$ cat upload_1.txt   # compact mmCIF, C-alpha atoms
# COMPACT_ATOMS: atom_id res chain seq x y z
CA MET T 1 0.00 0.00 0.00
CA ILE T 2 1.29 3.45 -0.99
CA GLU T 3 0.60 6.20 1.53
CA THR T 4 0.30 9.89 0.71
CA ASP T 5 -1.33 13.05 2.03
CA VAL T 6 -3.55 13.96 -0.92
CA ILE T 7 -4.84 12.03 -3.93
CA VAL T 8 -6.38 14.00 -6.79
CA VAL T 9 -8.44 11.92 -9.23
CA GLY T 10 -8.52 13.44 -12.72
CA ALA T 11 -5.80 15.53 -14.37
CA GLY T 12 -7.99 17.99 -16.24
CA PRO T 13 -7.47 21.69 -15.53
CA ALA T 14 -9.36 21.51 -12.21
CA GLY T 15 -7.52 18.45 -10.90
CA SER T 16 -4.09 19.65 -11.97
CA THR T 17 -4.71 23.03 -10.35
CA ALA T 18 -5.84 21.34 -7.13
CA ALA T 19 -2.72 19.14 -7.17
CA LYS T 20 -0.47 22.14 -7.84
CA HIS T 21 -1.80 24.23 -4.99
CA ALA T 22 -1.84 21.33 -2.54
CA ALA T 23 1.80 20.59 -3.43
CA LEU T 24 2.79 24.27 -3.26
CA GLY T 25 1.34 24.30 0.24
CA GLY T 26 3.66 21.49 1.26
CA ALA T 27 1.40 18.43 0.98
CA LYS T 28 2.55 15.14 -0.52
CA VAL T 29 0.30 14.79 -3.58
CA ILE T 30 -0.46 12.09 -6.15
CA LEU T 31 -2.43 13.13 -9.24
CA MET T 32 -4.07 10.28 -11.19
CA ASP T 33 -5.72 10.11 -14.59
CA LYS T 34 -7.17 7.15 -16.43
CA LYS T 35 -6.03 8.46 -19.79
CA SER T 36 -2.75 7.78 -21.56
CA GLU T 37 -2.53 11.38 -22.74
CA ILE T 38 -3.52 14.25 -20.49
CA GLY T 39 -5.65 16.75 -22.40
CA ALA T 40 -6.74 14.39 -25.17
CA PRO T 41 -9.35 14.02 -26.44
CA LYS T 42 -10.56 17.52 -25.63
CA ARG T 43 -14.17 17.87 -24.61
CA CYS T 44 -14.88 21.54 -25.07
CA ALA T 45 -14.73 24.55 -27.33
CA GLU T 46 -11.55 25.78 -25.58
CA GLY T 47 -12.56 29.37 -24.75
CA VAL T 48 -11.22 31.07 -21.61
CA SER T 49 -11.17 34.58 -20.21
CA ILE T 50 -7.78 36.27 -20.05
CA GLN T 51 -8.56 37.82 -16.67
CA GLY T 52 -9.51 34.36 -15.45
CA LEU T 53 -6.08 32.98 -16.37
CA GLU T 54 -4.36 35.99 -14.78
CA LYS T 55 -6.25 35.48 -11.56
CA LEU T 56 -5.04 31.89 -11.47
CA GLY T 57 -1.48 33.02 -12.08
CA ILE T 58 -1.21 31.33 -15.49
CA GLU T 59 1.05 33.08 -18.01
CA PRO T 60 -0.38 32.82 -21.53
CA ASN T 61 1.98 30.74 -23.66
CA PRO T 62 1.95 30.78 -27.49
CA ARG T 63 2.07 26.99 -27.38
CA PHE T 64 -1.43 26.82 -25.91
CA VAL T 65 -3.07 30.05 -27.10
CA THR T 66 -4.39 29.72 -30.66
CA GLN T 67 -6.41 32.91 -31.00
CA GLU T 68 -7.32 36.04 -29.10
CA ILE T 69 -11.05 36.67 -29.16
CA GLU T 70 -11.94 39.86 -31.06
CA GLY T 71 -15.65 39.85 -30.39
CA ILE T 72 -18.90 37.96 -30.19
CA ARG T 73 -21.56 37.23 -32.79
CA LEU T 74 -25.01 36.13 -31.70
CA GLN T 75 -27.35 34.83 -34.39
CA SER T 76 -31.06 34.18 -34.04
CA PRO T 77 -32.94 31.48 -35.98
CA ASP T 78 -33.93 33.77 -38.91
CA GLY T 79 -30.29 34.73 -39.45
CA THR T 80 -30.33 38.10 -37.68
CA ASP T 81 -26.92 38.95 -36.28
CA VAL T 82 -25.99 40.88 -33.17
CA TRP T 83 -22.29 41.76 -33.33
CA LEU T 84 -20.36 42.75 -30.25
CA THR T 85 -16.84 43.37 -31.49
CA LYS T 86 -13.87 44.85 -29.67
CA ASP T 87 -13.46 47.82 -32.02
CA GLU T 88 -17.01 49.01 -31.32
CA VAL T 89 -17.85 47.79 -27.84
CA GLN T 90 -16.00 47.49 -24.61
CA LEU T 91 -16.38 43.81 -23.85
CA PRO T 92 -16.64 42.80 -20.19
CA GLU T 93 -13.90 40.21 -20.58
CA ALA T 94 -11.14 39.50 -23.06
CA GLY T 95 -10.61 35.90 -24.11
CA TYR T 96 -8.46 33.30 -25.76
CA ILE T 97 -9.18 30.10 -27.63
CA LEU T 98 -6.79 27.51 -26.27
CA GLU T 99 -5.25 24.33 -27.58
CA ARG T 100 -6.50 22.13 -24.74
CA LYS T 101 -4.24 19.22 -25.63
CA VAL T 102 -1.27 21.45 -24.86
CA PHE T 103 -2.87 23.55 -22.12
CA ASP T 104 -4.00 20.59 -20.00
CA LYS T 105 -0.53 19.05 -20.19
CA PHE T 106 1.05 22.36 -19.17
CA MET T 107 -1.25 22.54 -16.15
CA ALA T 108 -0.32 18.98 -15.14
CA MET T 109 3.37 19.86 -15.60
CA ASP T 110 2.87 22.88 -13.33
CA ALA T 111 1.52 20.47 -10.72
CA ALA T 112 4.49 18.15 -11.20
CA ARG T 113 6.96 21.03 -10.92
CA ALA T 114 5.26 22.07 -7.69
CA GLY T 115 6.06 18.58 -6.40
CA ALA T 116 3.04 16.43 -7.25
CA GLU T 117 3.58 12.89 -8.47
CA ILE T 118 1.57 12.05 -11.62
CA LYS T 119 0.17 8.62 -12.46
CA ILE T 120 -1.24 8.46 -15.99
CA LYS T 121 -3.18 5.51 -17.42
CA THR T 122 -4.34 4.81 -13.88
CA LEU T 123 -8.01 4.10 -13.35
CA VAL T 124 -9.56 4.41 -9.91
CA THR T 125 -11.74 1.33 -9.45
CA SER T 126 -13.08 2.04 -5.96
CA VAL T 127 -12.72 4.29 -2.95
CA ASP T 128 -13.35 3.18 0.62
CA LYS T 129 -13.72 5.42 3.62
CA ILE T 130 -11.55 4.44 6.55
CA ASP T 131 -10.96 6.11 9.86
CA ASN T 132 -9.53 9.53 8.95
CA GLY T 133 -8.80 8.82 5.31
CA TYR T 134 -9.59 6.97 2.11
CA ILE T 135 -8.32 3.79 0.54
CA VAL T 136 -8.11 4.26 -3.23
CA SER T 137 -7.89 1.13 -5.40
CA THR T 138 -6.47 1.56 -8.87
CA GLU T 139 -5.65 -0.38 -11.98
CA SER T 140 -2.92 0.51 -14.42
CA MET T 141 -2.16 -1.63 -17.45
CA GLY T 142 -3.13 -4.84 -15.69
CA LYS T 143 -1.47 -3.97 -12.39
CA GLU T 144 -3.56 -3.30 -9.32
CA GLU T 145 -2.30 -0.85 -6.75
CA VAL T 146 -3.84 0.34 -3.49
CA TYR T 147 -3.24 3.79 -2.03
CA LYS T 148 -4.08 5.37 1.28
CA CYS T 149 -4.60 9.12 1.59
CA LYS T 150 -5.74 11.61 4.19
CA ILE T 151 -7.59 13.77 1.68
CA LEU T 152 -9.21 12.73 -1.58
CA ILE T 153 -9.98 15.35 -4.22
CA ALA T 154 -12.47 14.23 -6.89
CA ALA T 155 -11.89 16.06 -10.17
CA ASP T 156 -12.96 13.19 -12.37
CA GLY T 157 -15.28 15.07 -14.68
CA PRO T 158 -19.00 15.00 -15.40
CA GLU T 159 -18.96 11.20 -15.49
CA GLY T 160 -16.99 10.97 -12.26
CA HIS T 161 -17.73 8.18 -9.85
CA VAL T 162 -15.57 9.20 -6.91
CA ALA T 163 -17.93 11.73 -5.33
CA ARG T 164 -20.90 9.42 -5.81
CA TRP T 165 -19.02 6.48 -4.32
CA ALA T 166 -18.27 8.70 -1.35
CA GLY T 167 -21.98 9.32 -0.91
CA LEU T 168 -22.09 12.85 -2.36
CA LYS T 169 -24.69 13.69 -4.98
CA PRO T 170 -23.58 14.10 -8.62
CA ALA T 171 -23.24 17.64 -9.99
CA ALA T 172 -26.02 17.45 -12.52
CA LYS T 173 -29.24 15.54 -12.78
CA ALA T 174 -29.75 13.88 -16.16
CA LYS T 175 -31.98 16.80 -17.18
CA GLU T 176 -29.17 19.25 -16.51
CA MET T 177 -26.47 17.42 -18.44
CA GLU T 178 -25.91 18.86 -21.88
CA SER T 179 -25.09 16.37 -24.61
CA GLY T 180 -22.27 17.93 -26.60
CA VAL T 181 -20.54 17.19 -29.88
CA GLN T 182 -17.97 19.15 -31.86
CA TYR T 183 -15.75 18.94 -34.91
CA GLU T 184 -12.46 20.72 -35.25
CA MET T 185 -12.60 21.87 -38.87
CA CYS T 186 -10.58 23.71 -41.52
CA ASN T 187 -11.91 25.63 -44.55
CA VAL T 188 -14.24 27.49 -42.17
CA GLU T 189 -15.16 30.96 -43.41
CA PHE T 190 -15.45 33.95 -41.09
CA GLU T 191 -17.25 37.19 -41.74
CA ARG T 192 -15.13 38.94 -39.12
CA PRO T 193 -11.87 37.36 -37.97
CA GLY T 194 -11.35 36.18 -34.42
CA VAL T 195 -15.02 36.45 -33.46
CA ILE T 196 -16.66 33.66 -31.46
CA GLU T 197 -20.06 32.86 -32.92
CA PHE T 198 -23.20 31.56 -31.22
CA TYR T 199 -26.33 30.36 -33.03
CA PHE T 200 -29.51 30.00 -31.00
CA GLY T 201 -32.88 28.35 -31.40
CA SER T 202 -34.17 25.04 -32.66
CA CYS T 203 -30.82 24.29 -34.33
CA ALA T 204 -29.75 23.13 -30.84
CA PRO T 205 -32.69 22.58 -28.45
CA GLY T 206 -31.72 23.48 -24.90
CA GLY T 207 -28.29 24.71 -25.97
CA TYR T 208 -26.66 26.53 -28.86
CA VAL T 209 -24.25 26.06 -31.77
CA TRP T 210 -20.78 27.57 -31.46
CA ILE T 211 -18.05 28.38 -33.93
CA PHE T 212 -14.84 29.23 -32.06
CA PRO T 213 -11.96 30.30 -34.31
CA LYS T 214 -8.51 28.78 -33.75
CA GLY T 215 -6.43 30.85 -36.19
CA GLU T 216 -6.38 30.84 -40.03
CA ASP T 217 -9.38 28.89 -41.38
CA ILE T 218 -9.59 26.56 -38.37
CA ALA T 219 -12.44 26.45 -35.83
CA ASN T 220 -14.19 24.32 -33.29
CA VAL T 221 -17.72 23.90 -34.64
CA GLY T 222 -20.00 22.26 -32.13
CA LEU T 223 -23.22 22.23 -30.22
CA ALA T 224 -24.84 21.01 -27.07
CA VAL T 225 -28.45 20.00 -26.57
CA LEU T 226 -30.49 19.00 -23.56
CA PRO T 227 -31.51 15.41 -24.38
CA HIS T 228 -35.04 15.78 -22.99
CA LYS T 229 -35.63 18.74 -25.33
CA ALA T 230 -34.00 17.11 -28.35
CA GLU T 231 -35.62 14.80 -30.87
CA LYS T 232 -32.46 13.20 -32.17
CA PRO T 233 -28.83 12.69 -31.12
CA ALA T 234 -26.68 15.81 -30.84
CA ILE T 235 -24.51 14.83 -33.81
CA GLU T 236 -27.48 14.86 -36.18
CA TYR T 237 -28.27 18.45 -35.20
CA LEU T 238 -24.62 19.37 -35.79
CA ASP T 239 -24.39 17.70 -39.19
CA ASP T 240 -27.62 19.46 -40.25
CA PHE T 241 -26.25 22.82 -39.10
CA ILE T 242 -22.90 22.40 -40.84
CA ALA T 243 -24.58 21.45 -44.12
CA LYS T 244 -26.83 24.54 -44.03
CA CYS T 245 -24.53 27.19 -42.57
CA PRO T 246 -22.79 29.21 -45.33
CA TYR T 247 -19.58 29.47 -43.27
CA THR T 248 -19.14 25.74 -42.82
CA LYS T 249 -20.48 24.33 -46.05
CA ASN T 250 -16.94 23.73 -47.38
CA ALA T 251 -15.45 22.92 -43.99
CA GLN T 252 -13.71 19.60 -43.39
CA ALA T 253 -13.50 17.91 -40.01
CA VAL T 254 -10.15 16.69 -38.71
CA GLU T 255 -11.34 15.75 -35.23
CA LEU T 256 -14.56 14.68 -33.50
CA ASN T 257 -15.13 15.50 -29.82
CA VAL T 258 -18.00 14.40 -27.62
CA GLY T 259 -18.97 14.79 -24.00
CA GLY T 260 -21.39 15.86 -21.32
CA ASP T 261 -21.53 19.28 -19.74
CA PRO T 262 -23.21 19.71 -16.33
CA VAL T 263 -25.13 22.99 -16.51
CA GLY T 264 -27.26 22.63 -13.38
CA GLY T 265 -25.10 24.85 -11.20
CA MET T 266 -22.71 23.91 -8.42
CA SER T 267 -23.36 20.75 -6.40
CA LYS T 268 -25.06 21.31 -3.06
CA LYS T 269 -22.34 19.50 -1.19
CA LEU T 270 -18.75 19.89 -2.29
CA TYR T 271 -17.05 18.20 0.66
CA ASP T 272 -17.31 15.71 3.47
CA ASP T 273 -14.86 14.19 5.92
CA ASN T 274 -11.57 13.63 4.01
CA ILE T 275 -13.00 14.53 0.58
CA MET T 276 -13.52 17.55 -1.68
CA VAL T 277 -15.02 17.70 -5.19
CA CYS T 278 -14.07 20.23 -7.88
CA GLY T 279 -14.37 21.00 -11.59
CA ASP T 280 -17.09 19.48 -13.76
CA ALA T 281 -17.57 16.77 -11.12
CA ALA T 282 -18.79 19.55 -8.82
CA GLY T 283 -20.79 21.43 -11.46
CA GLN T 284 -18.34 24.34 -11.42
CA VAL T 285 -19.54 25.42 -14.84
CA ASN T 286 -21.14 28.59 -16.20
CA PRO T 287 -24.68 27.31 -16.83
CA LEU T 288 -25.28 29.76 -19.69
CA THR T 289 -22.15 29.20 -21.76
CA GLY T 290 -21.26 25.75 -20.48
CA GLY T 291 -17.70 27.03 -20.03
CA GLY T 292 -15.90 25.44 -17.12
CA ILE T 293 -12.14 25.81 -17.56
CA ILE T 294 -11.58 28.89 -15.41
CA SER T 295 -14.36 28.10 -12.93
CA GLY T 296 -13.15 24.50 -12.54
CA MET T 297 -9.57 25.66 -12.05
CA THR T 298 -10.73 28.22 -9.50
CA GLY T 299 -12.51 25.45 -7.62
CA GLY T 300 -9.37 23.33 -7.92
CA MET T 301 -7.20 26.13 -6.57
CA CYS T 302 -9.47 26.55 -3.53
CA ALA T 303 -9.57 22.78 -2.91
CA GLY T 304 -5.79 22.48 -3.23
CA GLN T 305 -5.11 25.36 -0.87
CA VAL T 306 -7.52 24.02 1.74
CA ALA T 307 -6.05 20.51 1.38
CA ALA T 308 -2.56 21.87 2.09
CA GLU T 309 -3.79 23.77 5.16
CA ALA T 310 -5.65 20.70 6.40
CA ILE T 311 -2.50 18.58 6.08
CA LYS T 312 -0.49 21.18 8.02
CA GLU T 313 -3.14 21.35 10.72
CA GLU T 314 -3.63 17.56 10.67
CA ASN T 315 -7.35 18.14 10.50
CA TYR T 316 -9.20 16.52 7.57
CA SER T 317 -12.67 16.68 9.05
CA LYS T 318 -15.64 18.09 7.17
CA LYS T 319 -15.66 20.91 9.67
CA PHE T 320 -12.23 21.99 8.46
CA LEU T 321 -12.87 21.28 4.78
CA LYS T 322 -16.00 23.44 4.89
CA LYS T 323 -13.58 26.28 4.26
CA TYR T 324 -13.25 24.99 0.69
CA ASP T 325 -17.01 25.17 0.25
CA GLU T 326 -17.05 28.77 1.47
CA MET T 327 -14.14 29.78 -0.78
CA ALA T 328 -15.61 28.09 -3.86
CA HIS T 329 -19.02 29.69 -3.29
CA ASP T 330 -17.43 33.09 -2.70
CA GLU T 331 -15.48 32.83 -5.94
CA LEU T 332 -18.08 31.25 -8.19
CA ASP T 333 -21.62 31.77 -6.89
CA HIS T 334 -22.09 35.27 -8.25
CA ASP T 335 -21.59 34.18 -11.86
CA VAL T 336 -22.97 30.65 -11.68
CA LYS T 337 -26.26 31.72 -10.06
CA ARG T 338 -26.77 34.73 -12.35
CA TYR T 339 -26.05 32.80 -15.51
CA LYS T 340 -28.32 29.99 -14.38
CA LYS T 341 -31.20 32.50 -14.36
CA VAL T 342 -30.31 33.72 -17.85
CA GLN T 343 -30.04 30.14 -19.11
CA GLU T 344 -33.46 29.30 -17.65
CA TYR T 345 -34.90 32.37 -19.39
CA LEU T 346 -33.28 31.46 -22.72
CA LEU T 347 -34.74 27.96 -22.50
CA THR T 348 -38.27 29.43 -22.46
CA LEU T 349 -37.80 31.36 -25.71
CA SER T 350 -39.24 30.16 -29.02
CA ASP T 351 -37.50 30.78 -32.34
CA ASP T 352 -39.88 33.71 -33.00
CA GLU T 353 -39.12 35.29 -29.64
CA LEU T 354 -35.38 34.92 -30.23
CA ASP T 355 -35.81 36.59 -33.62
CA SER T 356 -37.73 39.56 -32.22
CA ILE T 357 -35.08 40.05 -29.56
CA ALA T 358 -32.33 39.91 -32.18
CA HIS T 359 -34.21 42.46 -34.36
CA ALA T 360 -34.38 44.88 -31.46
CA PHE T 361 -30.68 44.50 -30.71
CA GLU T 362 -29.46 44.29 -34.30
CA ASP T 363 -29.00 48.01 -34.95
CA GLU T 364 -28.36 48.96 -31.38
CA SER T 365 -24.97 50.45 -30.77
CA PHE T 366 -23.52 49.62 -27.41
CA GLU T 367 -20.48 51.37 -26.06
CA LYS T 368 -20.12 49.06 -23.19
CA ILE T 369 -21.80 45.76 -22.47
CA SER T 370 -23.49 45.90 -19.16
CA THR T 371 -25.88 43.25 -17.96
CA THR T 372 -28.25 45.91 -16.66
CA GLU T 373 -28.48 47.69 -20.02
CA ILE T 374 -29.11 44.45 -21.85
CA VAL T 375 -31.74 43.27 -19.38
CA LYS T 376 -33.53 46.65 -19.46
CA LYS T 377 -33.78 46.44 -23.20
CA LEU T 378 -34.84 42.81 -23.10
CA ILE T 379 -37.71 43.61 -20.78
CA LYS T 380 -39.08 46.13 -23.29
CA ILE T 381 -39.23 43.48 -26.00
CA SER T 382 -39.99 40.40 -24.00
CA PRO T 383 -42.13 40.86 -20.90
CA LYS T 384 -41.08 37.38 -19.80
CA ALA T 385 -37.63 38.80 -19.20
CA LEU T 386 -38.96 40.93 -16.34
CA LEU T 387 -40.20 37.85 -14.59
CA LYS T 388 -37.01 35.88 -15.04
CA LEU T 389 -34.34 38.56 -15.01
CA GLY T 390 -35.94 41.55 -13.30
CA LYS T 391 -33.80 41.31 -10.22
CA PHE T 392 -30.60 41.97 -12.20
CA ILE T 393 -31.57 45.63 -12.53
CA MET U 1 -26.22 -2.82 -23.42
CA ILE U 2 -24.63 -2.88 -26.87
CA VAL U 3 -21.81 -0.35 -27.20
CA LYS U 4 -21.28 0.51 -30.85
CA ASP U 5 -17.75 0.56 -32.17
CA TRP U 6 -17.90 4.33 -32.74
CA CYS U 7 -18.27 5.02 -29.02
CA SER U 8 -15.70 7.63 -27.95
CA PHE U 9 -15.84 6.79 -24.22
CA CYS U 10 -16.69 10.40 -23.37
CA GLY U 11 -18.65 9.32 -20.31
CA GLU U 12 -21.85 11.27 -21.02
CA CYS U 13 -23.82 8.05 -20.35
CA ALA U 14 -22.04 7.46 -17.04
CA GLY U 15 -22.70 11.06 -15.98
CA VAL U 16 -26.45 10.78 -16.51
CA CYS U 17 -26.96 7.22 -15.20
CA PRO U 18 -29.21 7.72 -12.16
CA ARG U 19 -27.79 4.58 -10.54
CA ASN U 20 -24.07 5.13 -11.27
CA LEU U 21 -23.84 1.80 -13.10
CA ILE U 22 -21.52 2.69 -15.97
CA GLN U 23 -17.76 2.66 -15.54
CA VAL U 24 -15.79 4.57 -18.17
CA ARG U 25 -12.32 3.21 -18.84
CA GLU U 26 -10.03 4.86 -21.36
CA TYR U 27 -11.23 2.68 -24.21
CA ALA U 28 -14.14 0.71 -22.75
CA LEU U 29 -17.50 1.09 -21.07
CA VAL U 30 -18.40 -1.40 -18.37
CA PHE U 31 -22.13 -1.69 -17.64
CA ASN U 32 -23.56 -3.23 -14.53
CA ASP U 33 -26.51 -4.70 -16.44
CA ASP U 34 -27.82 -6.60 -13.40
CA ASP U 35 -28.90 -3.46 -11.57
CA CYS U 36 -30.10 -1.56 -14.67
CA ARG U 37 -33.79 -0.59 -14.64
CA ASP U 38 -33.96 0.17 -18.38
CA CYS U 39 -34.66 3.87 -17.95
CA ASP U 40 -32.85 4.55 -21.25
CA THR U 41 -31.45 7.85 -19.95
CA CYS U 42 -27.96 6.89 -21.16
CA ILE U 43 -29.20 5.94 -24.63
CA LYS U 44 -30.98 9.28 -25.08
CA ALA U 45 -28.06 11.31 -23.77
CA CYS U 46 -25.39 9.78 -26.03
CA PRO U 47 -24.31 12.56 -28.41
CA ILE U 48 -23.39 10.13 -31.20
CA ASN U 49 -26.02 7.41 -30.85
CA ALA U 50 -23.53 4.75 -29.78
CA LEU U 51 -25.69 2.81 -27.29
CA GLU U 52 -28.38 0.30 -28.06
CA LYS U 53 -30.46 -1.85 -25.76
CA GLU U 54 -29.97 -5.58 -26.01
CA ASP U 55 -33.19 -7.47 -26.81
$ encode --input "upload_1.txt" --output "structure tokens"
Amino acid sequence: MIETDVIVVGAGPAGSTAAKHAALGGAKVILMDKKSEIGAPKRCAEGVSIQGLEKLGIEPNPRFVTQEIEGIRLQSPDGTDVWLTKDEVQLPEAGYILERKVFDKFMAMDAARAGAEIKIKTLVTSVDKIDNGYIVSTESMGKEEVYKCKILIAADGPEGHVARWAGLKPAAKAKEMESGVQYEMCNVEFERPGVIEFYFGSCAPGGYVWIFPKGEDIANVGLAVLPHKAEKPAIEYLDDFIAKCPYTKNAQAVELNVGGDPVGGMSKKLYDDNIMVCGDAAGQVNPLTGGGIISGMTGGMCAGQVAAEAIKEENYSKKFLKKYDEMAHDELDHDVKRYKKVQEYLLTLSDDELDSIAHAFEDESFEKISTTEIVKKLIKISPKALLKLGKFI
Amino acid sequence: MIVKDWCSFCGECAGVCPRNLIQVREYALVFNDDDCRDCDTCIKACPINALEKED
């Protein structure tokens, strides 16, 4: 049996960040991932906010930044565009499109350089609570290995078992799990370069289509749907969209990505004695955009820091680890809860309603994007908005 | 459960399974068919239609 202070399950951005901060704080850390290549296959559209990375202390590196975001395009079902581009509008946040295969590895390397030990191709097959710790059973290329840790951090993604085995509820109910599919494509045409594009309405029931540029003629073209609102598998919606959309009609796919995205908000319980949950496994995702890189890493940072403190204090009780819950809610609640409301409102809108909103916004010139201004205008067009979003004003 | 050969092992099915019965390995899905109540949630959630119920 191998003994350590902290075991982190899952070496995505959240897990690696947790491992890094636990190790920086002096804990003995093992970071495990079932995959043979950290970061591959990617499961998302790869967008992050620049301020988000700065806050996490991550220096942008040309090896993992493919494109700086120049603006946003929102398109309603009848083809009406609302453009919010940097040259005309002050955007609330600047962003990058990453190369996740490189980025995720860099984050794991950061953890390793901080002192964490990494075990790739290592699947956790069970976790068992013992007095003041966890026994973690693993399997790696036919070899079974058993570990004992004082603190277990579950960062094993939307499909993660660890939190559920430990008796904590999963992040998302089935109804709140987006079903996502994406192609990385070349020969994509852009009306304005560097703009991330969103297409709303029945092209992606319960979600939206995205085109995220990755430099030159390359883009992630994908969508997510809520299965209970969809009539067919996500990939059929995507293939239909790509065939019809003028910007993708000549595009060729070089990669297919699939995966779930928990958009139900943060889990009610993020911790218990000797365990913390972060990242997608904890629903640390923006429910409107489905983006979870920065929020998951923020959760990971909080979990890692609290783990290190707990090890120093020799106190791994839920009473001590509650601090993680408070930190994660302080950092993430504001956005997650707000965007959940907006997502719920969007879900109520028909194609016609989306069109009339887009018509009203189409010729509007904004100097600065403020939620209040947008909501005020929305309420004029769509009385429903008052009901759902009124309290943002 | 029949797992089609185009399954990408993304784990969407495991994430939505209300009974936590699907284990996702790097290149395999392991179903605990004995405890399955045939709710079909996993089949509907699969983004690429890679699951089919055995008759």
$ interface_residues --input "upload_1.txt" --of "chain T" --to "chain U" --cutoff "10 Å" --atoms "only C-alpha atoms" --output "PyMOL selection string"
chain T and resi 33-36+41-43+121-125+157-161+164-165+170-182+223-228+230-237+256-262+281
$ atom_distance --input "upload_1.txt" --atom1 "atom CA of T:Pro77" --atom2 "atom CA of T:Ala358"
9.3 Å
$ atom_distance --input "upload_1.txt" --atom1 "atom CA of T:Lys388" --atom2 "atom CA of T:Gly207"
17.9 Å
$ residues_around --input "upload_1.txt" --residues "T:Ile311" --least-positions-apart "5" --cutoff "10 Å" --atoms "only C-alpha atoms" --output "list in words"
Asp5, Val6, Ala22, Gly25, Gly26, Ala27, Lys28, Lys150, Ile151, Val306 and Tyr316 of chain T
$ residues_near_point --input "upload_1.txt" --point "(-2.2, 22.8, 0.0)" --cutoff "12 Å" --atoms "all atoms listed in the file" --output "number ranges by chain"
T: 5-8, 17-29, 111, 114-116, 151, 153, 300-314, 321, 324
$ closest_residue --input "upload_1.txt" --among "T:Ile120, T:Ala219, T:Asp156, T:Gly292" --to "T:Val254" --atoms "only C-alpha atoms"
T:Ala219
